[in-house]
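Below is the file my_file_12.cif, which contains mmCIF, C-alpha atoms.
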```
data_work
loop_
_atom_site.label_atom_id
_atom_site.label_comp_id
_atom_site.auth_asym_id
_atom_site.auth_seq_id
_atom_site.Cartn_x
_atom_site.Cartn_y
_atom_site.Cartn_z
CA MET A 1 10.00 -20.17 12.21
CA ARG A 2 12.96 -20.57 14.51
CA PRO A 3 15.49 -23.24 13.56
CA TRP A 4 15.20 -25.15 16.83
CA ILE A 5 11.42 -25.40 16.47
CA ARG A 6 11.88 -26.97 13.06
CA TRP A 7 14.16 -29.58 14.63
CA VAL A 8 11.47 -30.39 17.19
CA TYR A 9 9.01 -31.03 14.34
CA VAL A 10 11.55 -33.19 12.50
CA ILE A 11 12.29 -35.27 15.60
CA ALA A 12 8.57 -35.67 16.33
CA GLY A 13 7.96 -36.78 12.75
CA ILE A 14 10.73 -39.36 12.96
CA ALA A 15 9.32 -40.64 16.25
CA VAL A 16 5.82 -40.97 14.76
CA ALA A 17 7.21 -42.82 11.74
CA LEU A 18 9.19 -45.16 13.99
CA VAL A 19 6.12 -45.98 16.11
CA ALA A 20 3.99 -46.56 13.00
CA VAL A 21 6.52 -48.87 11.35
CA SER A 22 7.14 -50.82 14.54
CA SER A 23 3.41 -51.33 15.11
CA ILE A 24 3.00 -52.59 11.53
CA VAL A 25 5.90 -55.00 11.98
CA GLN A 26 4.46 -56.23 15.26
CA ALA A 27 1.03 -56.68 13.65
CA VAL A 28 2.53 -58.78 10.88
CA ARG A 29 4.43 -60.93 13.39
CA GLN A 30 1.36 -61.47 15.56
CA GLY A 31 -1.07 -61.85 12.67
CA SER A 32 -3.42 -59.47 14.44
CA TRP A 33 -4.76 -55.94 13.99
CA ALA A 34 -4.39 -55.14 17.70
CA PRO A 35 -1.01 -53.33 17.46
CA ILE A 36 -2.26 -51.08 14.66
CA VAL A 37 -5.51 -50.34 16.48
CA SER A 38 -3.58 -49.40 19.61
CA VAL A 39 -1.73 -46.56 17.79
CA ALA A 40 -4.59 -45.50 15.50
CA TRP A 41 -5.08 -42.32 17.58
CA LEU A 42 -1.58 -41.07 16.70
CA PRO A 43 -2.42 -39.42 13.32
CA ALA A 44 -5.22 -37.44 14.97
CA VAL A 45 -2.82 -36.10 17.58
CA VAL A 46 -0.28 -35.13 14.93
CA VAL A 47 -2.89 -33.26 12.87
CA ALA A 48 -4.29 -31.50 15.94
CA ALA A 49 -0.83 -30.44 17.12
CA ARG A 50 0.20 -28.84 13.83
CA PRO A 51 0.27 -25.07 13.98
CA GLY A 52 -2.36 -23.24 11.99
CA PRO A 53 -1.70 -20.81 9.17
CA TYR A 54 -0.14 -17.55 10.23
CA ARG A 55 -2.62 -15.08 8.78
CA ARG A 56 -3.61 -11.75 10.15
CA CYS A 57 -7.22 -11.20 11.06
CA LEU A 58 -9.13 -9.27 8.46
CA PRO A 59 -10.42 -5.87 9.54
CA GLY A 60 -14.15 -5.52 10.11
CA ARG A 61 -16.36 -3.68 7.61
CA ARG A 62 -16.88 -0.06 8.42
CA ARG A 63 -20.58 0.39 7.91
CA PRO A 64 -23.28 1.66 10.20
CA ALA A 65 -25.27 -0.81 12.26
CA ALA A 66 -28.74 -1.56 10.93
#
```
Just give me the structure as C-alpha cells.
Amino acid sequence: MRPWIRWVYVIAGIAVALVAVSSIVQAVRQGSWAPIVSVAWLPAVVVAARPGPYRRCLPGRRRPAA
C-alpha cells in the first residue's frame, strides 16, 4: 500500500470518529436519539468502502467437461 493512501485512511478514520463523538455529545445535550440516528448509516459506508483482501484468483480445475 502506498504511504499517501494510508494517510487518506487515517484522516477518514479520524473524521468518522469526530462525527461519531460529536453526535453522541449532541444527543446527550438534547436528551434525544435523533443525532445518533442521523449518523447511523456512517458505519455501513465505512465497512463498504474498505478495500477487500488482495488475493489472487485460484486457477480452475483442469478436468474434462462431463
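Atom to atom, CA of Val16 (chain A) and CA of Arg2 (chain A) stand 21.6 Å apart.
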Neighbour list for Val39 (chain A) as an MDAnalysis selection string, cut-off 12 Å, all atoms listed in the file, skip fewer than 4 positions in-chain | chainID A and resid 16:24 26:27 33:35 43:46
Which of A:Val25, A:Ile5, A:Val10, A:Ala15 sits closest to Leu42 (chain A) [using all atoms listed in the file] =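 Under the stated criterion, the closest residue is A:Ala15.
Our summary of the geometry notes that CA of Arg50 (chain A) is positioned 11.9 Å from CA of Val8 (chain A).
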Point-to-point distance in Å for CA of Ile36 (chain A) and CA of Ala48 (chain A) |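 If I compute the distance from CA of Ala48 (chain A) to CA of Ile36 (chain A), I get 19.7 Å.
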Axis-aligned box over every listed atom of region 1-12 of chain A, padded by 4 Å per side: centre and edges in Å to one decimal, as lines of an AutoDock Vina configuration file?
```
center_x = 12.0
center_y = -27.9
center_z = 14.7
size_x = 14.9
size_y = 23.5
size_z = 13.0
```
